[in-house]
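Asks: Input structure: run_35.cif, which contains mmCIF, C-alpha atoms.
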data_input
loop_
_atom_site.group_PDB
_atom_site.id
_atom_site.type_symbol
_atom_site.label_atom_id
_atom_site.label_comp_id
_atom_site.auth_asym_id
_atom_site.auth_seq_id
_atom_site.Cartn_x
_atom_site.Cartn_y
_atom_site.Cartn_z
ATOM 1 C CA MET A 1 156.868 128.843 96.386
ATOM 2 C CA SER A 2 154.586 131.545 95.047
ATOM 3 C CA HIS A 3 155.841 135.008 94.187
ATOM 4 C CA ALA A 4 154.083 138.348 94.296
ATOM 5 C CA LEU A 5 152.794 139.645 90.959
ATOM 6 C CA ASP A 6 153.861 143.016 89.592
ATOM 7 C CA ALA A 7 151.383 145.473 88.119
ATOM 8 C CA SER A 8 151.342 143.611 84.795
ATOM 9 C CA GLY A 9 150.540 140.321 86.499
ATOM 10 C CA ALA A 10 153.939 138.853 85.670
ATOM 11 C CA GLY A 11 155.956 137.028 88.311
ATOM 12 C CA SER A 12 158.208 139.166 90.499
ATOM 13 C CA ASP A 13 160.824 138.533 93.147
ATOM 14 C CA THR A 14 159.533 141.509 95.147
ATOM 15 C CA PRO A 15 157.303 140.499 98.072
ATOM 16 C CA ASN A 16 153.871 142.018 98.449
ATOM 17 C CA LEU A 17 154.276 145.258 100.394
ATOM 18 C CA ASP A 18 150.798 146.718 100.094
ATOM 19 C CA PHE A 19 148.172 145.658 102.653
ATOM 20 C CA ALA A 20 144.826 147.243 103.421
ATOM 21 C CA GLY A 21 145.392 147.074 107.168
ATOM 22 C CA THR A 22 148.140 145.708 109.377
ATOM 23 C CA THR A 23 150.449 143.114 107.863
ATOM 24 C CA PRO A 24 149.596 139.397 108.129
ATOM 25 C CA TYR A 25 152.835 139.011 110.119
ATOM 26 C CA GLU A 26 151.665 141.573 112.662
ATOM 27 C CA ASP A 27 148.213 140.003 112.854
ATOM 28 C CA TYR A 28 149.768 136.616 113.677
ATOM 29 C CA VAL A 29 152.737 137.546 115.881
ATOM 30 C CA GLN A 30 151.321 140.688 117.563
ATOM 31 C CA ALA A 31 154.820 142.174 117.326
ATOM 32 C CA ASP A 32 153.580 145.721 117.917
ATOM 33 C CA VAL A 33 152.067 144.602 121.217
ATOM 34 C CA LEU A 34 155.188 142.709 122.275
ATOM 35 C CA THR A 35 157.619 145.513 121.433
ATOM 36 C CA HIS A 36 155.628 148.133 123.331
ATOM 37 C CA LEU A 37 155.336 146.221 126.617
ATOM 38 C CA GLN A 38 158.633 147.607 127.939
ATOM 39 C CA HIS A 39 158.267 150.486 130.398
ATOM 40 C CA PRO A 40 161.534 150.984 132.311
ATOM 41 C CA LEU A 41 161.131 152.709 135.668
ATOM 42 C CA SER A 42 164.671 154.035 136.032
ATOM 43 C CA ASP A 43 167.049 156.107 133.912
ATOM 44 C CA ASP A 44 169.638 153.339 133.797
ATOM 45 C CA PRO A 45 170.113 151.944 130.259
ATOM 46 C CA GLY A 46 170.770 148.464 131.674
ATOM 47 C CA GLU A 47 167.210 148.131 132.950
ATOM 48 C CA MET A 48 165.906 147.548 129.411
ATOM 49 C CA VAL A 49 167.807 144.289 128.946
ATOM 50 C CA PHE A 50 166.711 143.092 132.402
ATOM 51 C CA LEU A 51 163.082 143.860 131.604
ATOM 52 C CA VAL A 52 163.114 142.281 128.127
ATOM 53 C CA THR A 53 164.984 139.193 129.348
ATOM 54 C CA THR A 54 162.434 138.686 132.087
ATOM 55 C CA GLN A 55 159.568 139.027 129.608
ATOM 56 C CA VAL A 56 161.249 136.525 127.268
ATOM 57 C CA MET A 57 161.512 134.106 130.188
ATOM 58 C CA GLU A 58 157.780 134.463 130.801
ATOM 59 C CA LEU A 59 157.099 133.526 127.174
ATOM 60 C CA TRP A 60 159.304 130.434 127.488
ATOM 61 C CA PHE A 61 157.487 129.490 130.726
ATOM 62 C CA THR A 62 154.222 129.702 128.783
ATOM 63 C CA VAL A 63 155.283 127.393 125.967
ATOM 64 C CA ILE A 64 156.920 124.891 128.353
ATOM 65 C CA VAL A 65 153.710 124.707 130.395
ATOM 66 C CA HIS A 66 151.887 124.050 127.127
ATOM 67 C CA GLU A 67 154.280 121.189 126.288
ATOM 68 C CA TRP A 68 154.076 119.559 129.710
ATOM 69 C CA GLU A 69 150.286 119.824 129.777
ATOM 70 C CA THR A 70 150.256 118.237 126.302
ATOM 71 C CA ALA A 71 152.527 115.449 127.538
ATOM 72 C CA ALA A 72 150.430 114.882 130.685
ATOM 73 C CA ARG A 73 147.232 114.630 128.635
ATOM 74 C CA ALA A 74 148.864 112.212 126.186
ATOM 75 C CA LEU A 75 150.163 110.030 129.022
ATOM 76 C CA ARG A 76 146.660 109.924 130.466
ATOM 77 C CA GLU A 77 145.490 108.620 127.078
ATOM 78 C CA ASP A 78 148.393 106.120 126.810
ATOM 79 C CA ASP A 79 149.765 107.967 123.785
ATOM 80 C CA LEU A 80 153.495 107.808 124.451
ATOM 81 C CA GLY A 81 154.366 109.079 120.981
ATOM 82 C CA VAL A 82 152.663 112.435 121.501
ATOM 83 C CA ALA A 83 154.006 112.648 125.059
ATOM 84 C CA MET A 84 157.589 111.960 124.004
ATOM 85 C CA ASP A 85 157.405 114.530 121.201
ATOM 86 C CA ALA A 86 156.153 117.170 123.661
ATOM 87 C CA LEU A 87 158.883 116.313 126.184
ATOM 88 C CA ALA A 88 161.546 116.522 123.469
ATOM 89 C CA ARG A 89 160.281 119.943 122.361
ATOM 90 C CA SER A 90 160.249 121.123 125.968
ATOM 91 C CA CYS A 91 163.923 120.199 126.320
ATOM 92 C CA ARG A 92 164.853 122.412 123.385
ATOM 93 C CA GLU A 93 162.710 125.157 124.902
ATOM 94 C CA LEU A 94 164.351 124.702 128.314
ATOM 95 C CA GLU A 95 167.735 125.100 126.640
ATOM 96 C CA ALA A 96 166.549 128.395 125.144
ATOM 97 C CA LEU A 97 165.096 129.453 128.502
ATOM 98 C CA ASN A 98 168.375 128.690 130.254
ATOM 99 C CA ALA A 99 170.283 130.683 127.616
ATOM 100 C CA SER A 100 168.152 133.689 128.627
ATOM 101 C CA TRP A 101 170.409 134.116 131.658
ATOM 102 C CA ARG A 102 173.381 135.043 129.470
ATOM 103 C CA PRO A 103 172.569 138.774 129.171
ATOM 104 C CA LEU A 104 172.264 138.948 132.983
ATOM 105 C CA ILE A 105 174.799 136.453 134.267
ATOM 106 C CA ASN A 106 177.681 138.964 134.473
ATOM 107 C CA LEU A 107 175.855 141.799 136.237
ATOM 108 C CA THR A 108 177.979 143.403 138.939
ATOM 109 C CA PRO A 109 176.277 144.513 142.179
ATOM 110 C CA ALA A 110 176.632 148.176 141.165
ATOM 111 C CA GLN A 111 175.052 147.534 137.749
ATOM 112 C CA PHE A 112 172.096 145.705 139.303
ATOM 113 C CA ASN A 113 171.688 148.301 142.043
ATOM 114 C CA ALA A 114 171.367 151.004 139.367
ATOM 115 C CA TYR A 115 167.795 149.863 138.696
ATOM 116 C CA ARG A 116 167.024 147.372 141.459
ATOM 117 C CA SER A 117 164.792 149.876 143.241
ATOM 118 C CA ALA A 118 162.517 149.872 140.173
ATOM 119 C CA LEU A 119 161.532 146.275 141.037
ATOM 120 C CA GLY A 120 160.139 147.368 144.398
ATOM 121 C CA GLU A 121 158.767 144.175 145.969
ATOM 122 C CA GLY A 122 158.700 142.397 142.605
ATOM 123 C CA SER A 123 160.415 139.025 142.442
ATOM 124 C CA GLY A 124 160.539 136.087 140.062
ATOM 125 C CA PHE A 125 158.952 133.756 142.601
ATOM 126 C CA GLN A 126 155.740 135.765 142.066
ATOM 127 C CA SER A 127 155.536 134.579 138.441
ATOM 128 C CA ALA A 128 152.238 132.730 137.987
ATOM 129 C CA MET A 129 153.388 130.922 134.858
ATOM 130 C CA TYR A 130 156.588 129.762 136.525
ATOM 131 C CA ARG A 131 154.466 128.530 139.418
ATOM 132 C CA ARG A 132 152.431 126.471 136.960
ATOM 133 C CA MET A 133 155.700 124.969 135.717
ATOM 134 C CA GLU A 134 156.638 124.022 139.262
ATOM 135 C CA PHE A 135 153.201 122.526 139.921
ATOM 136 C CA LEU A 136 153.536 120.381 136.787
ATOM 137 C CA LEU A 137 156.859 119.131 138.171
ATOM 138 C CA GLY A 138 155.138 118.064 141.405
ATOM 139 C CA GLU A 139 156.395 121.039 143.433
ATOM 140 C CA LYS A 140 152.972 121.866 144.873
ATOM 141 C CA SER A 141 152.338 124.515 147.540
ATOM 142 C CA ALA A 142 148.991 126.143 148.308
ATOM 143 C CA SER A 143 150.778 129.094 149.945
ATOM 144 C CA MET A 144 152.172 130.088 146.554
ATOM 145 C CA LEU A 145 148.645 131.045 145.451
ATOM 146 C CA VAL A 146 148.491 133.822 148.054
ATOM 147 C CA PRO A 147 150.366 136.478 146.010
ATOM 148 C CA HIS A 148 147.764 136.092 143.227
ATOM 149 C CA ARG A 149 144.571 136.630 145.247
ATOM 150 C CA GLY A 150 144.160 140.056 143.659
ATOM 151 C CA ALA A 151 144.052 138.563 140.140
ATOM 152 C CA PRO A 152 140.982 136.277 140.033
ATOM 153 C CA ARG A 153 141.665 134.646 136.647
ATOM 154 C CA VAL A 154 145.305 133.904 137.452
ATOM 155 C CA HIS A 155 144.401 132.658 140.933
ATOM 156 C CA ALA A 156 141.715 130.340 139.529
ATOM 157 C CA GLU A 157 144.142 128.882 136.962
ATOM 158 C CA LEU A 158 146.736 128.225 139.653
ATOM 159 C CA GLU A 159 144.195 126.709 142.021
ATOM 160 C CA LYS A 160 143.057 124.358 139.249
ATOM 161 C CA ALA A 161 146.668 123.382 138.515
ATOM 162 C CA LEU A 162 147.309 122.823 142.236
ATOM 163 C CA HIS A 163 144.668 120.081 142.384
ATOM 164 C CA GLU A 164 145.432 118.449 139.034
ATOM 165 C CA PRO A 165 147.872 115.563 138.542
ATOM 166 C CA SER A 166 151.407 116.700 137.811
ATOM 167 C CA LEU A 167 153.323 115.463 134.794
ATOM 168 C CA TYR A 168 155.057 112.925 137.055
ATOM 169 C CA ASP A 169 151.726 111.801 138.532
ATOM 170 C CA GLU A 170 150.565 110.925 135.026
ATOM 171 C CA VAL A 171 153.810 109.023 134.403
ATOM 172 C CA LEU A 172 153.332 106.977 137.581
ATOM 173 C CA ARG A 173 149.704 106.251 136.702
ATOM 174 C CA LEU A 174 150.831 104.991 133.304
ATOM 175 C CA LEU A 175 153.415 102.732 134.971
ATOM 176 C CA ALA A 176 150.698 101.368 137.254
ATOM 177 C CA ARG A 177 148.473 100.628 134.235
ATOM 178 C CA ARG A 178 151.405 98.707 132.769
ATOM 179 C CA GLY A 179 151.305 96.431 135.798
ATOM 180 C CA LEU A 180 154.302 97.877 137.630
ATOM 181 C CA GLY A 181 154.300 98.183 141.397
ATOM 182 C CA VAL A 182 153.482 101.817 142.006
ATOM 183 C CA PRO A 183 151.851 101.791 145.464
ATOM 184 C CA ALA A 184 148.254 102.921 145.992
ATOM 185 C CA ALA A 185 149.450 105.489 148.547
ATOM 186 C CA VAL A 186 151.317 107.271 145.741
ATOM 187 C CA LEU A 187 148.527 106.969 143.186
ATOM 188 C CA ASP A 188 145.821 108.139 145.604
ATOM 189 C CA ARG A 189 147.769 110.857 147.379
ATOM 190 C CA ASP A 190 146.508 114.413 147.908
ATOM 191 C CA LEU A 191 147.509 116.027 144.614
ATOM 192 C CA SER A 192 147.656 119.494 146.158
ATOM 193 C CA GLN A 193 150.656 118.418 148.232
ATOM 194 C CA LYS A 194 154.298 118.352 147.155
ATOM 195 C CA TYR A 195 155.381 115.001 145.741
ATOM 196 C CA GLU A 196 157.561 113.009 148.151
ATOM 197 C CA PRO A 197 159.942 110.261 146.986
ATOM 198 C CA SER A 198 158.793 106.654 147.377
ATOM 199 C CA PRO A 199 161.106 103.617 147.839
ATOM 200 C CA GLU A 200 158.588 101.512 145.898
ATOM 201 C CA VAL A 201 158.641 103.923 142.953
ATOM 202 C CA GLU A 202 162.441 103.919 143.081
ATOM 203 C CA ALA A 203 162.321 100.110 142.815
ATOM 204 C CA VAL A 204 159.994 100.360 139.809
ATOM 205 C CA TRP A 205 162.436 102.621 137.970
ATOM 206 C CA ALA A 206 165.377 100.403 138.959
ATOM 207 C CA GLY A 207 163.508 97.459 137.448
ATOM 208 C CA ILE A 208 162.800 99.362 134.232
ATOM 209 C CA TYR A 209 166.455 100.360 133.882
ATOM 210 C CA SER A 210 167.634 96.826 134.671
ATOM 211 C CA ALA A 211 165.547 95.311 131.881
ATOM 212 C CA ASP A 212 167.253 93.628 128.930
ATOM 213 C CA ASP A 213 165.654 96.011 126.431
ATOM 214 C CA GLN A 214 167.413 99.320 126.985
ATOM 215 C CA HIS A 215 165.586 100.757 123.985
ATOM 216 C CA GLY A 216 162.131 99.976 125.347
ATOM 217 C CA GLU A 217 159.577 102.763 125.520
ATOM 218 C CA LEU A 218 159.612 102.995 129.325
ATOM 219 C CA VAL A 219 163.401 103.423 129.396
ATOM 220 C CA ARG A 220 163.073 106.094 126.714
ATOM 221 C CA LEU A 221 160.317 107.770 128.744
ATOM 222 C CA GLY A 222 162.557 107.716 131.820
ATOM 223 C CA GLU A 223 165.415 109.254 129.862
ATOM 224 C CA ALA A 224 163.164 111.967 128.410
ATOM 225 C CA LEU A 225 162.061 112.891 131.938
ATOM 226 C CA THR A 226 165.680 112.808 133.109
ATOM 227 C CA ASP A 227 166.589 115.249 130.328
ATOM 228 C CA VAL A 228 163.829 117.568 131.565
ATOM 229 C CA GLY A 229 164.965 117.187 135.166
ATOM 230 C CA GLU A 230 168.571 117.966 134.289
ATOM 231 C CA LEU A 231 167.620 121.127 132.403
ATOM 232 C CA VAL A 232 165.380 122.292 135.269
ATOM 233 C CA TRP A 233 168.311 121.732 137.645
ATOM 234 C CA ARG A 234 170.552 123.794 135.339
ATOM 235 C CA TRP A 235 167.920 126.572 135.242
ATOM 236 C CA ARG A 236 167.840 126.721 139.034
ATOM 237 C CA ASN A 237 171.622 126.746 139.304
ATOM 238 C CA ASP A 238 172.017 129.460 136.662
ATOM 239 C CA HIS A 239 169.442 131.529 138.577
ATOM 240 C CA LEU A 240 171.463 130.992 141.735
ATOM 241 C CA VAL A 241 174.753 132.023 140.092
ATOM 242 C CA ALA A 242 173.234 135.128 138.477
ATOM 243 C CA THR A 243 171.771 136.196 141.821
ATOM 244 C CA ARG A 244 174.997 135.575 143.718
ATOM 245 C CA ARG A 245 176.923 137.736 141.257
ATOM 246 C CA ALA A 246 174.386 140.560 141.213
ATOM 247 C CA MET A 247 173.461 140.848 144.889
ATOM 248 C CA GLY A 248 175.454 138.429 147.016
ATOM 249 C CA ALA A 249 173.586 137.240 150.105
ATOM 250 C CA LYS A 250 171.288 140.264 150.446
ATOM 251 C CA VAL A 251 167.552 139.805 150.996
ATOM 252 C CA GLY A 252 165.697 139.167 147.724
ATOM 253 C CA THR A 253 163.601 141.874 146.084
ATOM 254 C CA GLY A 254 160.365 140.140 147.117
ATOM 255 C CA GLY A 255 161.457 139.726 150.720
ATOM 256 C CA SER A 256 162.694 136.143 150.198
ATOM 257 C CA ALA A 257 165.963 134.837 151.612
ATOM 258 C CA GLY A 258 167.567 135.488 148.232
ATOM 259 C CA VAL A 259 170.576 133.248 147.634
ATOM 260 C CA ALA A 260 169.752 130.983 150.598
ATOM 261 C CA TRP A 261 166.298 130.271 149.164
ATOM 262 C CA LEU A 262 167.737 129.608 145.701
ATOM 263 C CA GLU A 263 170.417 127.302 147.142
ATOM 264 C CA LYS A 264 167.706 125.218 148.774
ATOM 265 C CA ARG A 265 165.802 125.006 145.474
ATOM 266 C CA ALA A 266 168.915 124.150 143.460
ATOM 267 C CA ALA A 267 169.729 121.236 145.760
ATOM 268 C CA LYS A 268 166.505 119.415 144.851
ATOM 269 C CA ASN A 269 165.915 117.144 141.871
ATOM 270 C CA VAL A 270 162.569 116.814 140.137
ATOM 271 C CA PHE A 271 161.379 113.255 139.391
ATOM 272 C CA PRO A 272 163.598 112.159 142.325
ATOM 273 C CA GLU A 273 163.390 108.372 141.976
ATOM 274 C CA LEU A 274 164.682 108.567 138.421
ATOM 275 C CA TRP A 275 167.970 109.783 139.895
ATOM 276 C CA THR A 276 168.217 107.582 142.989
ATOM 277 C CA ALA A 277 167.201 104.397 141.108
ATOM 278 C CA ARG A 278 170.430 104.565 139.106
ATOM 279 C CA SER A 279 172.374 103.532 142.190
ATOM 280 C CA HIS A 280 170.529 100.186 142.176
ATOM 281 C CA VAL A 281 171.000 99.205 138.538
#
Would you kindly transcribe this structure into structure tokens?
Replies:
Amino acid sequence: MSHALDASGAGSDTPNLDFAGTTPYEDYVQADVLTHLQHPLSDDPGEMVFLVTTQVMELWFTVIVHEWETAARALREDDLGVAMDALARSCRELEALNASWRPLINLTPAQFNAYRSALGEGSGFQSAMYRRMEFLLGEKSASMLVPHRGAPRVHAELEKALHEPSLYDEVLRLLARRGLGVPAAVLDRDLSQKYEPSPEVEAVWAGIYSADDQHGELVRLGEALTDVGELVWRWRNDHLVATRRAMGAKVGTGGSAGVAWLEKRAAKNVFPELWTARSHV
């Protein structure tokens, strides 16, 4: 490792502290931008942690979308190595995302109410990047584009994602190319619609998991997707618990059904046949 030079040109343990402009660290990380994006709207000191935690979640959404898009592209190109690496990274990132609930999980109703009015009609379900995550999981819904009509770039990105194959679509297409019995109705479905479970796809996964080689690449792919699905389920449940503790069964800040809506989401599994197929192995 190189060391900074002192005035005489000799080696020194002191890092270089003198830069003509901003530091290389700042140029790369944009820390000054990130640390000045917080503008609390109430006088309550607890709002700052809520705001920062939410912004951190948005950054994790962004990198997870990047990983799943990388994996989907690699699957399309039959490059399971790149896809598996991206899925593995996304699991570590999902663990970090889920840990983001910890600063908020113990909010009492009074603590949350101290700054809840600052949110106005704002709600997490309006997050465009989270919506892209859901679309990549096959949870498609054209109605979820409506809140973003006033932001043309964001709306266009979501509309594009709505009509593109999800991560699971690319997995099923790969299985079909491997000669497995994924039905044409699944492969040729309207990609803008929510994915619905298929008995034939369930049978494909049951066959993969019943194979003699439990270390084969398709079993490992199934397990990588199951890891993702489990962590998404944990994210949804942690969201549900945090909301229950902070606001009970009241209407959500964005006018949603609050806890009832989150309970419905938490009850669903992504990549559904990967879970149901296990009953037939």
Asks: Taking a cut-off of 12 Å and counting all atoms listed in the file, can you build a table that, for each residue of segment 68-92 of chain A near segment 211-220 of chain A, reports the nearest atom pair and how far apart they are in Å (one decimal), sorted by chain then residue number, as CSV?
Replies:
residue,atom,partner,partner_atom,distance
A:Leu75,CA,A:Leu218,CA,11.8
A:Asp78,CA,A:Glu217,CA,11.7
A:Asp79,CA,A:Glu217,CA,11.2
A:Leu80,CA,A:Glu217,CA,8.0
A:Gly81,CA,A:Glu217,CA,9.4
A:Ala83,CA,A:Arg220,CA,11.3
A:Met84,CA,A:Arg220,CA,8.5
A:Asp85,CA,A:Arg220,CA,11.6
A:Leu87,CA,A:Arg220,CA,11.1
A:Ala88,CA,A:Arg220,CA,11.0
Asks: Scan for residues within 8 Å of the point (161.4, 119.9, 133.0) in the coordinates of the file, using all atoms listed in the file, and reply as a compact mmCIF listing (two decimals) with C-alpha atoms, in the frame of the given file.
Replies:
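Final file, out_21.txt:
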# COMPACT_ATOMS: atom_id res chain seq x y z
CA SER A 90 160.25 121.12 125.97
CA CYS A 91 163.92 120.20 126.32
CA LEU A 94 164.35 124.70 128.31
CA LEU A 137 156.86 119.13 138.17
CA LEU A 225 162.06 112.89 131.94
CA ASP A 227 166.59 115.25 130.33
CA VAL A 228 163.83 117.57 131.56
CA GLY A 229 164.96 117.19 135.17
CA GLU A 230 168.57 117.97 134.29
CA LEU A 231 167.62 121.13 132.40
CA VAL A 232 165.38 122.29 135.27
CA VAL A 270 162.57 116.81 140.14
Asks: Compare A:Ile64, A:Tyr195, A:Tyr115, A:Tyr28 by their minimum atom-to-atom distance to Asp44 of chain A, counting all atoms listed in the file, and give me the closest one.
Replies: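 The answer is A:Tyr115, which sits nearest to Asp44 of chain A.
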Asks: Is there a way to get, as a count of residues only, all residues within 9 Å of the point (170.8, 151.4, 137.5) in file coordinates, counting all atoms listed in the file?
Replies: 15
Asks: Mind pulling up the distance from atom CA of Arg89 of chain A to atom CA of Gly179 of chain A?
Replies: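 One can read the atom CA of Gly179 of chain A to atom CA of Arg89 of chain A distance as 28.5 Å.
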Asks: Please provide as a list of chain:residue names all residues within 10 Å of Asp190 of chain A, with the sequence filter that same-chain residues fewer than 5 positions apart are discarded (counting only C-alpha atoms).
Replies: A:His163, A:Glu164, A:Pro165, A:Ala185, A:Tyr195
Asks: Can you write out the residues you just picked, keeping C-alpha atoms, as a PDB file, in the coordinates of the input?
Replies:
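Dumped to result35.pdb:
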ATOM      1  CA  HIS A 163     144.668 120.081 142.384  1.00  0.00           C
ATOM      2  CA  GLU A 164     145.432 118.449 139.034  1.00  0.00           C
ATOM      3  CA  PRO A 165     147.872 115.563 138.542  1.00  0.00           C
ATOM      4  CA  ALA A 185     149.450 105.489 148.547  1.00  0.00           C
ATOM      5  CA  TYR A 195     155.381 115.001 145.741  1.00  0.00           C
TER       6      TYR A 195
END
Asks: Mind pulling up the distance from atom CA of Glu157 of chain A to atom CA of Glu95 of chain A?
Replies: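 Computing it gives 26.0 Å between the two atoms.
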Asks: Given the choices A:Thr70, A:Gln193, A:Asn98, A:Ser166, which gets closest to Ala86 of chain A if the distance is worked out from all atoms listed in the file?
Replies: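 Between A:Thr70, A:Gln193, A:Asn98, A:Ser166, the residue approaching Ala86 of chain A most closely is A:Thr70.
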Asks: Name the closest residue to Leu136 of chain A among the candidates A:Leu167, A:Leu119, A:Leu17, A:Leu221; distances are taken between atoms, counting only C-alpha atoms.
Replies: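 For Leu136 of chain A, the nearest of the given residues is A:Leu167.
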Asks: Excluding Ala142 of chain A and its own-chain neighbours fewer than 3 positions away, which residues fall within 9 Å of it when counting all atoms listed in the file? Please give them as number ranges by chain.
Replies: A: 145-146, 159, 162, 192-193
Asks: Which residue, A:Arg278, A:Arg153, A:His66, A:Arg177, has the smallest gap to Glu223 of chain A when you use only C-alpha atoms?
Replies: A:Arg278
Asks: If I take atom CA of Pro24 of chain A and atom CA of Gln55 of chain A, how far is one from the other in Å, to one decimal?
Replies: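 Result for atom CA of Pro24 of chain A versus atom CA of Gln55 of chain A: 23.7 Å, one decimal.
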Asks: Between A:Trp101, A:Trp275, A:Trp233, A:Trp261, which one has atoms that come closest to Thr53 of chain A, using only C-alpha atoms?
Replies: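 Among the listed residues, the smallest separation from Thr53 of chain A belongs to A:Trp101.
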Asks: Kindly indicate which residue among A:Arg92, A:Val65, A:Ser100, A:Arg234 lies nearest to Val52 of chain A, using all atoms listed in the file for the distances.
Replies: A:Ser100
Asks: Could you give me, as a list in words, the residues within 12 Å of Thr35 of chain A, counting all atoms listed in the file and dropping anything in the same chain fewer than 6 positions from it?
Replies: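 Selected residues are Glu26, Val29, Met48, Leu51, Val52, Gln55 and Val56 of chain A.
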Asks: Which residues fall under the PyMOL selection byres ((chain A and resi 239) around 9) in this file, as a compact mmCIF listing (two decimals) with C-alpha atoms, in the frame of the given file?
Replies:
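File produced: part29.txt:
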# COMPACT_ATOMS: atom_id res chain seq x y z
CA ASN A 98 168.38 128.69 130.25
CA TRP A 101 170.41 134.12 131.66
CA ILE A 105 174.80 136.45 134.27
CA ARG A 234 170.55 123.79 135.34
CA TRP A 235 167.92 126.57 135.24
CA ARG A 236 167.84 126.72 139.03
CA ASN A 237 171.62 126.75 139.30
CA ASP A 238 172.02 129.46 136.66
CA LEU A 240 171.46 130.99 141.74
CA VAL A 241 174.75 132.02 140.09
CA ALA A 242 173.23 135.13 138.48
CA THR A 243 171.77 136.20 141.82
CA ARG A 244 175.00 135.57 143.72
CA LEU A 262 167.74 129.61 145.70
CA ALA A 266 168.92 124.15 143.46
Asks: Expanded to explicit residues, what is the PyMOL selection byres ((chain A and resi 127) around 12) for this file, as number ranges by chain?
Replies: A: 54-55, 57-59, 61-62, 122-126, 128-134, 144-148, 154-155, 158, 254
Asks: Would you translate the PyMOL selection byres ((chain A and resi 274) around 10) into the concrete set of residues it matches in this file, as a list in words?
Replies: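 What the PyMOL selection byres ((chain A and resi 274) around 10) grabs from the file is Pro197, Val201, Glu202, Ala203, Val204, Trp205, Ala206, Tyr209, Gly222, Glu223, Leu225, Thr226, Gly229, Asn269, Val270, Phe271, Pro272, Glu273, Trp275, Thr276, Ala277, Arg278 and Ser279 of chain A.
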Asks: Would you fill the gaps in segment 42-58 of chain A so it has N, CA and C atoms, then print it as a tab-separated table (two decimals), in the coordinates of the input?
Replies:
chain	number	residue	atom	x	y	z
A	42	SER	N	163.49	153.28	135.61
A	42	SER	CA	164.67	154.04	136.03
A	42	SER	C	165.30	154.68	134.79
A	43	ASP	N	166.32	155.48	135.02
A	43	ASP	CA	167.05	156.11	133.91
A	43	ASP	C	168.25	155.27	133.47
A	44	ASP	N	168.46	154.14	134.13
A	44	ASP	CA	169.64	153.34	133.80
A	44	ASP	C	169.41	152.55	132.51
A	45	PRO	N	170.31	152.65	131.53
A	45	PRO	CA	170.11	151.94	130.26
A	45	PRO	C	170.13	150.43	130.40
A	46	GLY	N	170.72	149.90	131.47
A	46	GLY	CA	170.77	148.46	131.67
A	46	GLY	C	169.45	147.86	132.07
A	47	GLU	N	168.50	148.68	132.53
A	47	GLU	CA	167.21	148.13	132.95
A	47	GLU	C	166.45	147.50	131.78
A	48	MET	N	166.64	148.04	130.57
A	48	MET	CA	165.91	147.55	129.41
A	48	MET	C	166.20	146.07	129.15
A	49	VAL	N	167.47	145.69	129.21
A	49	VAL	CA	167.81	144.29	128.95
A	49	VAL	C	167.27	143.39	130.06
A	50	PHE	N	167.28	143.87	131.30
A	50	PHE	CA	166.71	143.09	132.40
A	50	PHE	C	165.22	142.88	132.19
A	51	LEU	N	164.53	143.93	131.80
A	51	LEU	CA	163.08	143.86	131.60
A	51	LEU	C	162.73	142.94	130.44
A	52	VAL	N	163.40	143.11	129.30
A	52	VAL	CA	163.11	142.28	128.13
A	52	VAL	C	163.46	140.82	128.40
A	53	THR	N	164.60	140.58	129.04
A	53	THR	CA	164.98	139.19	129.35
A	53	THR	C	163.95	138.52	130.23
A	54	THR	N	163.46	139.25	131.21
A	54	THR	CA	162.43	138.69	132.09
A	54	THR	C	161.15	138.39	131.32
A	55	GLN	N	160.77	139.27	130.41
A	55	GLN	CA	159.57	139.03	129.61
A	55	GLN	C	159.76	137.83	128.68
A	56	VAL	N	160.95	137.69	128.11
A	56	VAL	CA	161.25	136.52	127.27
A	56	VAL	C	161.15	135.24	128.09
A	57	MET	N	161.64	135.27	129.31
A	57	MET	CA	161.51	134.11	130.19
A	57	MET	C	160.05	133.74	130.41
A	58	GLU	N	159.21	134.74	130.61
A	58	GLU	CA	157.78	134.46	130.80
A	58	GLU	C	157.17	133.77	129.58
